[in-house]
>>> print(open('start07.cif').read())   # mmCIF, C-alpha atoms
data_entry
#
loop_
_atom_site.label_atom_id
_atom_site.label_comp_id
_atom_site.auth_asym_id
_atom_site.auth_seq_id
_atom_site.Cartn_x
_atom_site.Cartn_y
_atom_site.Cartn_z
CA MET A 1 80.37 152.36 128.58
CA SER A 2 83.00 154.79 127.35
CA THR A 3 82.93 156.35 123.89
CA GLU A 4 86.03 154.40 122.87
CA ALA A 5 84.39 151.11 123.88
CA VAL A 6 81.23 151.92 121.92
CA TRP A 7 83.19 152.71 118.81
CA GLY A 8 85.20 149.50 119.30
CA VAL A 9 82.02 147.41 119.38
CA ARG A 10 80.63 149.21 116.33
CA GLY A 11 83.88 148.62 114.47
CA ALA A 12 83.85 144.90 115.28
CA LEU A 13 80.23 144.59 114.10
CA TYR A 14 81.10 146.41 110.89
CA GLU A 15 84.00 144.02 110.22
CA LEU A 16 81.74 140.99 110.82
CA ARG A 17 79.06 142.43 108.51
CA LEU A 18 81.64 143.20 105.80
CA ARG A 19 83.10 139.67 106.03
CA ALA A 20 79.61 138.12 105.77
CA VAL A 21 78.84 140.20 102.66
CA ARG A 22 82.14 139.15 101.03
CA GLU A 23 81.50 135.47 101.75
CA LEU A 24 77.96 135.75 100.37
CA ARG A 25 79.19 137.40 97.19
CA ALA A 26 81.86 134.72 96.76
CA ALA A 27 79.23 131.99 97.21
CA VAL A 28 76.99 133.65 94.63
CA ARG A 29 79.85 133.84 92.15
CA ARG A 30 80.58 130.15 92.71
CA VAL A 31 77.03 128.89 92.42
CA VAL A 32 74.90 131.31 90.40
CA CYS A 33 75.94 130.49 86.86
CA ALA A 34 73.91 129.11 83.97
CA ASP A 35 76.73 126.61 83.28
CA CYS A 36 77.16 125.40 86.90
CA ARG A 37 76.21 121.77 86.38
CA TYR A 38 79.25 119.90 87.66
CA ALA A 39 80.46 118.98 91.15
CA CYS A 40 84.03 118.24 92.23
CA GLU A 41 84.55 114.56 93.01
CA ASN A 42 86.63 115.41 96.11
CA CYS A 43 85.26 118.58 97.73
CA ASP A 44 81.81 118.70 96.07
CA GLU A 45 82.27 122.33 94.99
CA THR A 46 79.88 123.43 92.23
CA LEU A 47 81.74 123.97 88.95
CA CYS A 48 80.94 125.52 85.60
CA GLY A 49 82.30 124.44 82.25
CA ASP A 50 85.21 126.88 82.46
CA CYS A 51 86.26 125.73 85.94
CA VAL A 52 85.83 121.97 85.73
CA ARG A 53 88.87 119.75 85.17
CA TRP A 54 88.37 116.24 83.78
CA SER A 55 90.61 113.38 84.85
CA ASP A 56 91.67 110.82 82.26
CA GLN A 57 92.43 108.52 85.16
CA ASN A 58 88.81 107.95 86.22
CA ASP A 59 86.64 110.21 83.99
CA CYS A 60 85.54 112.26 87.03
CA ALA A 61 85.15 116.03 87.38
CA TYR A 62 87.46 117.98 89.72
CA CYS A 63 88.18 121.54 90.67
CA GLU A 64 91.69 122.85 90.00
CA ASP A 65 92.84 122.27 93.60
CA CYS A 66 91.62 118.66 93.72
CA MET A 67 92.73 117.53 90.26
CA PRO A 68 94.56 114.20 90.71
CA ASP A 69 98.29 114.10 90.06
CA TYR A 70 99.00 111.21 87.73
CA LYS A 71 101.03 109.90 84.84
CA TYR A 72 100.23 106.66 83.08
CA PRO A 73 103.16 104.21 83.35
CA GLU A 74 105.50 104.53 80.39
CA TYR A 75 107.43 101.29 80.37
CA SER A 76 110.79 101.31 78.63
CA MET A 77 110.62 99.72 75.17
CA GLU A 78 114.20 98.57 75.60
CA ARG A 79 113.37 96.78 78.84
CA ARG A 80 110.22 95.28 77.38
CA SER A 81 112.12 94.02 74.36
CA LEU A 82 114.82 92.47 76.55
CA MET A 83 112.20 90.73 78.69
CA ASN A 84 110.35 89.36 75.66
CA SER A 85 113.56 88.02 74.15
CA HIS A 86 114.16 85.79 77.19
CA GLU A 87 111.22 83.52 77.92
CA HIS A 88 112.43 82.45 81.36
CA MET A 89 113.80 85.78 82.63
CA PHE A 90 112.56 86.94 86.02
CA THR A 91 111.23 90.49 86.08
CA VAL A 92 109.54 92.39 88.87
CA GLY A 93 107.71 95.67 89.38
CA LEU A 94 106.80 97.55 92.54
CA GLU A 95 103.93 99.80 93.53
CA ILE A 96 105.23 102.24 96.12
CA GLU A 97 102.41 103.95 98.01
CA ILE A 98 103.26 106.93 100.23
CA ASN A 99 100.53 108.24 102.53
CA GLY A 100 101.79 111.68 103.45
CA GLY A 101 104.02 114.57 102.50
CA HIS A 102 107.22 113.65 100.67
CA ASP A 103 109.58 114.80 97.91
CA HIS A 104 107.32 114.23 94.90
CA ALA A 105 109.64 115.75 92.31
CA ARG A 106 112.66 113.68 93.27
CA ILE A 107 110.81 110.37 93.10
CA LYS A 108 109.08 111.26 89.82
CA ARG A 109 112.47 112.04 88.26
CA ASN A 110 114.00 108.72 89.30
CA PRO A 111 114.73 106.62 86.18
CA LEU A 112 113.17 103.52 87.79
CA ILE A 113 109.75 105.20 88.11
CA ALA A 114 107.42 104.71 85.14
CA GLY A 115 104.22 106.34 86.43
CA TYR A 116 102.28 107.65 89.40
CA CYS A 117 98.72 108.36 90.48
CA THR A 118 96.45 109.01 93.44
CA ASP A 119 95.00 106.01 95.27
CA GLY A 120 91.76 105.58 97.18
CA SER A 121 93.44 104.02 100.21
CA LEU A 122 95.72 107.05 100.65
CA TYR A 123 93.65 109.67 102.44
CA HIS A 124 96.48 112.19 102.88
CA ARG A 125 96.26 115.08 100.43
CA GLU A 126 99.90 114.69 99.35
CA GLY A 127 99.81 110.89 99.15
CA LEU A 128 100.72 109.23 95.85
CA GLU A 129 101.31 105.78 94.43
CA TYR A 130 104.37 105.29 92.20
CA GLN A 131 104.78 102.44 89.70
CA THR A 132 108.26 101.27 88.74
CA ASP A 133 109.44 100.30 85.29
CA ILE A 134 110.09 96.65 84.39
CA LEU A 135 112.95 95.71 86.70
CA PHE A 136 115.66 93.06 86.42
CA SER A 137 117.91 91.59 89.08
CA THR A 138 120.58 94.17 88.21
CA ASP A 139 118.21 96.98 89.28
CA ILE A 140 117.65 95.82 92.85
CA ASP A 141 120.46 97.84 94.45
CA ALA A 142 119.24 101.04 92.78
CA LEU A 143 115.66 100.25 93.81
CA ALA A 144 116.74 99.64 97.41
CA ALA A 145 118.58 102.99 97.42
CA LEU A 146 115.44 104.75 96.17
CA VAL A 147 113.26 103.15 98.85
CA GLU A 148 115.81 103.94 101.56
CA SER A 149 115.64 107.62 100.61
CA ILE A 150 111.85 107.89 101.03
CA HIS A 151 110.85 109.86 104.10
CA CYS A 152 107.14 110.37 104.74
CA ASP A 153 105.61 113.17 106.83
CA GLY A 154 102.14 111.85 107.56
CA SER A 155 99.97 109.85 109.91
CA GLU A 156 98.76 106.28 109.45
CA PRO A 157 101.61 105.13 107.17
CA GLU A 158 100.24 101.58 107.51
CA ARG A 159 97.51 102.52 105.03
CA ALA A 160 100.18 102.46 102.30
CA GLY A 161 101.09 99.22 100.54
CA GLY A 162 104.04 98.07 98.46
CA HIS A 163 102.48 95.62 96.03
CA MET A 164 104.91 93.48 94.03
CA HIS A 165 104.25 92.30 90.48
CA VAL A 166 106.20 89.28 89.22
CA ARG A 167 106.28 88.18 85.61
CA ARG A 168 103.48 85.84 84.64
CA THR A 169 104.06 82.69 82.57
CA SER A 170 102.13 79.45 82.08
CA ARG A 171 103.88 78.04 85.17
CA GLN A 172 103.27 81.07 87.38
CA THR A 173 99.75 80.66 88.77
CA PRO A 174 97.94 82.43 91.63
CA SER A 175 97.39 79.16 93.46
CA ARG A 176 101.12 78.35 93.48
CA TRP A 177 101.86 81.77 94.95
CA TYR A 178 99.09 81.29 97.49
CA TRP A 179 100.83 78.19 98.84
CA ALA A 180 104.18 80.02 98.82
CA LEU A 181 102.72 82.66 101.14
CA LYS A 182 100.93 80.04 103.18
CA GLY A 183 104.23 78.35 103.92
CA LEU A 184 105.75 81.36 105.69
CA SER A 185 105.62 81.72 109.44
CA ASP A 186 104.50 84.98 111.02
CA ARG A 187 108.10 85.91 111.75
CA GLN A 188 109.26 85.12 108.23
CA ALA A 189 106.41 87.14 106.74
CA ARG A 190 107.33 90.10 108.94
CA GLN A 191 110.98 89.80 107.96
CA LEU A 192 109.95 90.12 104.31
CA ASN A 193 107.66 93.11 105.04
CA MET A 194 104.51 91.05 104.48
CA ARG A 195 101.25 91.64 106.33
CA HIS A 196 98.88 88.83 105.30
CA THR A 197 99.50 87.11 108.66
CA THR A 198 98.34 90.19 110.59
CA GLY A 199 94.72 90.25 109.43
CA CYS A 200 95.32 93.21 107.13
CA ARG A 201 92.09 94.10 105.32
CA TRP A 202 93.88 94.78 101.99
CA CYS A 203 95.60 91.41 101.59
CA GLU A 204 93.54 88.55 102.95
CA LEU A 205 95.03 85.14 102.22
CA ARG A 206 92.20 82.83 101.15
CA HIS A 207 92.39 79.75 98.98
CA ASP A 208 90.78 80.23 95.53
CA TYR A 209 90.32 83.95 96.19
CA TYR A 210 92.68 85.52 93.68
CA ASP A 211 90.90 88.54 92.24
CA GLY A 212 90.39 91.97 93.75
CA LYS A 213 91.85 94.72 95.90
CA ASP A 214 91.61 92.88 99.22
CA THR A 215 93.41 89.64 98.45
CA ALA A 216 97.04 88.71 99.10
CA VAL A 217 97.46 87.20 95.62
CA ASN A 218 95.76 89.00 92.76
CA GLY A 219 95.63 87.08 89.48
CA ALA A 220 93.54 89.62 87.59
CA HIS A 221 96.46 90.95 85.52
CA CYS A 222 97.33 89.19 82.28
CA ASP A 223 101.09 89.85 82.39
CA THR A 224 101.87 89.66 86.11
CA ILE A 225 100.97 88.00 89.39
CA GLU A 226 100.36 90.74 91.95
CA LEU A 227 101.47 90.02 95.50
CA ARG A 228 99.49 92.55 97.57
CA THR A 229 100.79 91.26 100.89
CA PHE A 230 103.69 93.71 101.13
CA GLY A 231 103.50 96.70 103.44
CA ARG A 232 104.79 100.19 102.70
CA TRP A 233 108.25 100.70 101.26
CA ASP A 234 110.21 103.62 102.73
CA GLU A 235 113.22 104.32 104.92
CA THR A 236 111.73 102.24 107.77
CA THR A 237 111.37 99.07 105.69
CA ALA A 238 114.16 99.42 103.09
CA HIS A 239 116.29 96.76 104.79
CA ARG A 240 113.58 94.20 104.00
CA LEU A 241 113.28 94.99 100.29
CA THR A 242 116.21 93.00 98.90
CA PRO A 243 115.40 89.84 100.92
CA ALA A 244 111.75 90.12 99.79
CA ILE A 245 112.69 90.33 96.11
CA GLU A 246 115.23 87.53 96.47
CA TRP A 247 112.55 85.33 98.07
CA ALA A 248 110.17 86.13 95.20
CA HIS A 249 112.94 85.49 92.67
CA HIS A 250 113.74 82.11 94.23
CA MET A 251 110.11 81.00 94.27
CA TRP A 252 109.59 82.25 90.70
CA ARG A 253 112.55 80.12 89.53
CA TYR A 254 111.25 77.18 91.53
CA PHE A 255 107.85 77.37 89.85
CA GLU A 256 109.37 78.00 86.43
CA SER A 257 111.41 74.78 86.68
CA HIS A 258 108.33 72.60 87.28
CA ASP A 259 105.44 71.95 84.94
CA LEU A 260 101.93 72.44 86.20
CA TYR A 261 100.65 69.70 88.54
CA GLN A 262 104.20 68.49 89.25
CA LEU A 263 104.37 70.24 92.63
CA LYS A 264 102.51 69.31 95.78
CA THR A 265 101.24 72.05 98.08
CA ALA A 266 103.31 70.74 101.01
CA GLY A 267 106.43 70.89 98.85
CA ILE A 268 105.75 74.50 97.85
CA MET A 269 105.25 75.50 101.48
CA ARG A 270 108.50 73.83 102.58
CA GLU A 271 110.47 75.46 99.76
CA SER A 272 109.02 78.86 100.60
CA ALA A 273 109.84 78.58 104.30
CA ARG A 274 113.34 77.31 103.54
CA SER A 275 114.11 80.05 101.02
CA ALA A 276 112.88 82.81 103.32
CA TYR A 277 116.02 82.33 105.44
CA ALA A 278 118.29 81.15 102.63
CA THR A 279 118.42 84.23 100.43
CA PRO A 280 121.99 85.58 100.19
CA ARG A 281 121.26 88.95 101.80
CA THR A 282 119.09 87.65 104.63
CA THR A 283 121.90 87.83 107.17
CA PRO A 284 121.94 86.66 110.79
CA ALA A 285 121.90 90.34 111.82
CA MET A 286 118.62 90.83 109.96
CA ARG A 287 117.09 87.80 111.63
CA LEU A 288 118.25 89.11 115.02
CA ALA A 289 116.61 92.48 114.27
CA VAL A 290 113.31 90.72 113.53
CA ARG A 291 113.50 88.75 116.78
CA LYS A 292 114.04 91.99 118.72
CA GLU A 293 110.87 93.40 117.13
CA ASP A 294 108.77 90.50 118.47
#
>>> encode(input="start07.cif", output="structure tokens")
Amino acid sequence: MSTEAVWGVRGALYELRLRAVRELRAAVRRVVCADCRYACENCDETLCGDCVRWSDQNDCAYCEDCMPDYKYPEYSMERRSLMNSHEHMFTVGLEIEINGGHDHARIKRNPLIAGYCTDGSLYHREGLEYQTDILFSTDIDALAALVESIHCDGSEPERAGGHMHVRRTSRQTPSRWYWALKGLSDRQARQLNMRHTTGCRWCELRHDYYDGKDTAVNGAHCDTIELRTFGRWDETTAHRLTPAIEWAHHMWRYFESHDLYQLKTAGIMRESARSAYATPRTTPAMRLAVRKED
């Protein structure tokens, strides 16, 4: 072996030894500390009292890199006051989950967004869930424009959901909304961006099962009925948003105009199926697009 080759091997070994020493020293600095008694919830890195970051969202410890990005929803007092002054006013809110890279700053600045947080179902590092403010019928065009502008760079977008919260009153019950969903055909559900007919694990449609994170109708909230059946909302599904809200609006009005126990389940199912194709913006072109997707 030539002299140059020998020195090349020795140089490579020296670099490997130097790198190993640096990594060992870094590990010692991370671990050997009298105050190292915490572990990051995400990456399990050992943390001392000076390094740990505490999340108000879930009371867990995180390192600086893994600290969740969140803001508790700050609902407009003006909107809340307007809603409370009209007993039979329809209001709606949307949870917009995005599982992948996207323009965080632009969405956070949108006046319709009230809060945001990380979500366990979104595995992508840049994924976030956004919560809208209390929305009225006059906000739907602006909401549709926001959704249409969302572009996601990430895999498995189907992990994201677009849960819809409708205002809860004494006449808005989980069981009524169960029968409204039950009345939709597979094609109608798909047209409205719903996934309870596909066997989705996060929105199972079961009678008398209205509490939890894996049910189509969640009645656990005191102010709203949560419809978890909706899939992700972004540029690929924006054309379904207005028809979905108009269907929900129609069914909400239908329930609000009937006292409890006045409606039969068959009647609710018929009304739901009829209204799915009767909403003003559910055009023949939209129905044709759904048929082409079959």
>>> closest_residue(input="start07.cif", among="A:His165, A:Arg80, A:Lys264, A:Arg187", to="Val217 (chain A)", atoms="only C-alpha atoms")
A:His165
>>> resolve_selection(input="start07.cif", expression="the PyMOL selection byres ((chain A and resi 244-261) around 6)", output="NGL selection string")
:A and (171 or 192 or 241-243 or 262-263 or 276)
>>> residues_around(input="start07.cif", residues="Thr215 (chain A)", least_positions_apart="2", cutoff="9 Å", atoms="only C-alpha atoms", output="PyMOL selection string")
chain A and resi 196+201-206+209-213+217-218+227-229
>>> residues_near_point(input="start07.cif", point="(102.5, 92.5, 105.8)", cutoff="10 Å", atoms="only C-alpha atoms", output="PyMOL selection string")
chain A and resi 158+161-162+186+189-200+202-203+216+228-232
>>> write_last_selection(input="start07.cif", atoms="C-alpha atoms", output="compact mmCIF listing (two decimals), in the coordinates of the input")
# COMPACT_ATOMS: atom_id res chain seq x y z
CA GLU A 158 100.24 101.58 107.51
CA GLY A 161 101.09 99.22 100.54
CA GLY A 162 104.04 98.07 98.46
CA ASP A 186 104.50 84.98 111.02
CA ALA A 189 106.41 87.14 106.74
CA ARG A 190 107.33 90.10 108.94
CA GLN A 191 110.98 89.80 107.96
CA LEU A 192 109.95 90.12 104.31
CA ASN A 193 107.66 93.11 105.04
CA MET A 194 104.51 91.05 104.48
CA ARG A 195 101.25 91.64 106.33
CA HIS A 196 98.88 88.83 105.30
CA THR A 197 99.50 87.11 108.66
CA THR A 198 98.34 90.19 110.59
CA GLY A 199 94.72 90.25 109.43
CA CYS A 200 95.32 93.21 107.13
CA TRP A 202 93.88 94.78 101.99
CA CYS A 203 95.60 91.41 101.59
CA ALA A 216 97.04 88.71 99.10
CA ARG A 228 99.49 92.55 97.57
CA THR A 229 100.79 91.26 100.89
CA PHE A 230 103.69 93.71 101.13
CA GLY A 231 103.50 96.70 103.44
CA ARG A 232 104.79 100.19 102.70
>>> closest_residue(input="start07.cif", among="A:Asn110, A:Gly101, A:Arg19, A:Glu226", to="Gln172 (chain A)", atoms="all atoms listed in the file")
A:Glu226
>>> atom_distance(input="start07.cif", atom1="CA of Cys43 (chain A)", atom2="CA of Leu128 (chain A)")
18.2 Å
>>> atom_distance(input="start07.cif", atom1="CA of Leu122 (chain A)", atom2="CA of Lys71 (chain A)")
16.9 Å
>>> atom_distance(input="start07.cif", atom1="CA of Asp133 (chain A)", atom2="CA of Tyr72 (chain A)")
11.4 Å
>>> resolve_selection(input="start07.cif", expression="the PyMOL selection byres ((chain A and resi 40) around 8)", output="JSON list (two decimals) with C-alpha atoms, keeping the file's coordinate frame")
[["chain", "number", "residue", "atom", "x", "y", "z"],
["A", 38, "TYR", "CA", 79.25, 119.90, 87.66],
["A", 39, "ALA", "CA", 80.46, 118.98, 91.15],
["A", 41, "GLU", "CA", 84.55, 114.56, 93.01],
["A", 42, "ASN", "CA", 86.63, 115.41, 96.11],
["A", 43, "CYS", "CA", 85.26, 118.58, 97.73],
["A", 44, "ASP", "CA", 81.81, 118.70, 96.07],
["A", 45, "GLU", "CA", 82.27, 122.33, 94.99],
["A", 46, "THR", "CA", 79.88, 123.43, 92.23],
["A", 47, "LEU", "CA", 81.74, 123.97, 88.95],
["A", 52, "VAL", "CA", 85.83, 121.97, 85.73],
["A", 61, "ALA", "CA", 85.15, 116.03, 87.38],
["A", 62, "TYR", "CA", 87.46, 117.98, 89.72],
["A", 63, "CYS", "CA", 88.18, 121.54, 90.67],
["A", 66, "CYS", "CA", 91.62, 118.66, 93.72]]
>>> resolve_selection(input="start07.cif", expression="the PyMOL selection byres ((chain A and resi 96) around 7)", output="number ranges by chain")
A: 94-95, 97-98, 129-131, 161-162, 232-233
>>> closest_residue(input="start07.cif", among="A:Ser85, A:Thr265, A:Ser155, A:Asn99", to="Ser121 (chain A)", atoms="only C-alpha atoms")
A:Asn99
>>> residues_around(input="start07.cif", residues="Thr132 (chain A)", least_positions_apart="6", cutoff="6 Å", atoms="all atoms listed in the file", output="PyMOL selection string")
chain A and resi 93-94+112-114
>>> closest_atom_pairs(input="start07.cif", of="region 134-174 of chain A", to="region 102-109 of chain A", cutoff="12 Å", atoms="all atoms listed in the file", output="JSON lines")
{"residue": "A:Leu143", "atom": "CA", "partner": "A:Ile107", "partner_atom": "CA", "distance": 11.2}
{"residue": "A:Ala145", "atom": "CA", "partner": "A:Ile107", "partner_atom": "CA", "distance": 11.6}
{"residue": "A:Leu146", "atom": "CA", "partner": "A:Ile107", "partner_atom": "CA", "distance": 7.9}
{"residue": "A:Val147", "atom": "CA", "partner": "A:Ile107", "partner_atom": "CA", "distance": 9.5}
{"residue": "A:Glu148", "atom": "CA", "partner": "A:Ile107", "partner_atom": "CA", "distance": 11.7}
{"residue": "A:Ser149", "atom": "CA", "partner": "A:Ile107", "partner_atom": "CA", "distance": 9.3}
{"residue": "A:Ile150", "atom": "CA", "partner": "A:His102", "partner_atom": "CA", "distance": 7.4}
{"residue": "A:His151", "atom": "CA", "partner": "A:His102", "partner_atom": "CA", "distance": 6.3}
{"residue": "A:Cys152", "atom": "CA", "partner": "A:His102", "partner_atom": "CA", "distance": 5.2}
{"residue": "A:Asp153", "atom": "CA", "partner": "A:His102", "partner_atom": "CA", "distance": 6.4}
{"residue": "A:Gly154", "atom": "CA", "partner": "A:His102", "partner_atom": "CA", "distance": 8.7}
>>> write_last_selection(input="start07.cif", atoms="C-alpha atoms", output="PDB file, in the coordinates of the input")
ATOM      1  CA  LEU A 143     115.660 100.250  93.810  1.00  0.00           C
ATOM      2  CA  ALA A 145     118.580 102.990  97.420  1.00  0.00           C
ATOM      3  CA  LEU A 146     115.440 104.750  96.170  1.00  0.00           C
ATOM      4  CA  VAL A 147     113.260 103.150  98.850  1.00  0.00           C
ATOM      5  CA  GLU A 148     115.810 103.940 101.560  1.00  0.00           C
ATOM      6  CA  SER A 149     115.640 107.620 100.610  1.00  0.00           C
ATOM      7  CA  ILE A 150     111.850 107.890 101.030  1.00  0.00           C
ATOM      8  CA  HIS A 151     110.850 109.860 104.100  1.00  0.00           C
ATOM      9  CA  CYS A 152     107.140 110.370 104.740  1.00  0.00           C
ATOM     10  CA  ASP A 153     105.610 113.170 106.830  1.00  0.00           C
ATOM     11  CA  GLY A 154     102.140 111.850 107.560  1.00  0.00           C
TER      12      GLY A 154
END
>>> closest_residue(input="start07.cif", among="A:Tyr178, A:Arg168, A:Phe90, A:Ser185", to="Ala220 (chain A)", atoms="only C-alpha atoms")
A:Arg168
>>> decode(input="start07.cif", residues="region 131-150 of chain A", atoms="N, CA, C and O atoms", output="compact mmCIF listing (two decimals), in the first residue's frame")
# COMPACT_ATOMS: atom_id res chain seq x y z
N GLN A 131 -59.57 25.79 14.10
CA GLN A 131 -60.97 25.93 14.49
C GLN A 131 -61.48 27.30 14.04
O GLN A 131 -60.84 28.32 14.30
N THR A 132 -62.62 27.31 13.37
CA THR A 132 -63.18 28.59 12.92
C THR A 132 -63.92 29.28 14.05
O THR A 132 -64.24 28.68 15.09
N ASP A 133 -64.20 30.54 13.83
CA ASP A 133 -65.05 31.31 14.73
C ASP A 133 -66.50 30.85 14.55
O ASP A 133 -66.79 29.97 13.74
N ILE A 134 -67.42 31.41 15.31
CA ILE A 134 -68.85 31.17 15.11
C ILE A 134 -69.21 31.75 13.75
O ILE A 134 -68.96 32.93 13.49
N LEU A 135 -69.78 30.93 12.88
CA LEU A 135 -70.06 31.36 11.52
C LEU A 135 -71.56 31.42 11.25
O LEU A 135 -72.33 30.58 11.73
N PHE A 136 -71.95 32.42 10.45
CA PHE A 136 -73.33 32.58 10.02
C PHE A 136 -73.42 32.27 8.52
O PHE A 136 -72.40 32.08 7.85
N SER A 137 -74.62 32.26 8.01
CA SER A 137 -74.82 31.95 6.59
C SER A 137 -74.08 32.95 5.69
O SER A 137 -73.63 32.60 4.60
N THR A 138 -73.92 34.18 6.15
CA THR A 138 -73.25 35.20 5.35
C THR A 138 -71.74 34.96 5.25
O THR A 138 -71.06 35.62 4.45
N ASP A 139 -71.21 34.04 6.05
CA ASP A 139 -69.76 33.77 6.03
C ASP A 139 -69.37 32.63 5.10
O ASP A 139 -68.18 32.35 4.94
N ILE A 140 -70.34 31.95 4.52
CA ILE A 140 -70.04 30.71 3.80
C ILE A 140 -69.17 30.95 2.58
O ILE A 140 -68.24 30.16 2.30
N ASP A 141 -69.40 32.03 1.84
CA ASP A 141 -68.57 32.29 0.65
C ASP A 141 -67.12 32.52 1.05
O ASP A 141 -66.19 32.02 0.39
N ALA A 142 -66.90 33.28 2.12
CA ALA A 142 -65.53 33.55 2.58
C ALA A 142 -64.89 32.26 3.09
O ALA A 142 -63.69 32.03 2.87
N LEU A 143 -65.67 31.41 3.76
CA LEU A 143 -65.14 30.14 4.24
C LEU A 143 -64.77 29.24 3.07
O LEU A 143 -63.71 28.59 3.08
N ALA A 144 -65.61 29.20 2.05
CA ALA A 144 -65.32 28.38 0.87
C ALA A 144 -64.05 28.86 0.17
O ALA A 144 -63.25 28.05 -0.30
N ALA A 145 -63.84 30.18 0.13
CA ALA A 145 -62.64 30.72 -0.49
C ALA A 145 -61.40 30.32 0.30
O ALA A 145 -60.34 30.01 -0.27
N LEU A 146 -61.51 30.34 1.63
CA LEU A 146 -60.38 29.91 2.47
C LEU A 146 -60.04 28.45 2.21
O LEU A 146 -58.87 28.09 2.02
N VAL A 147 -61.04 27.59 2.21
CA VAL A 147 -60.81 26.16 1.99
C VAL A 147 -60.23 25.91 0.61
O VAL A 147 -59.32 25.09 0.45
N GLU A 148 -60.72 26.63 -0.39
CA GLU A 148 -60.24 26.44 -1.75
C GLU A 148 -58.76 26.81 -1.88
O GLU A 148 -58.05 26.31 -2.77
N SER A 149 -58.27 27.67 -0.99
CA SER A 149 -56.88 28.12 -1.07
C SER A 149 -55.92 27.21 -0.34
O SER A 149 -54.70 27.44 -0.38
N ILE A 150 -56.42 26.17 0.34
CA ILE A 150 -55.55 25.30 1.14
C ILE A 150 -54.92 24.24 0.26
O ILE A 150 -55.60 23.40 -0.33
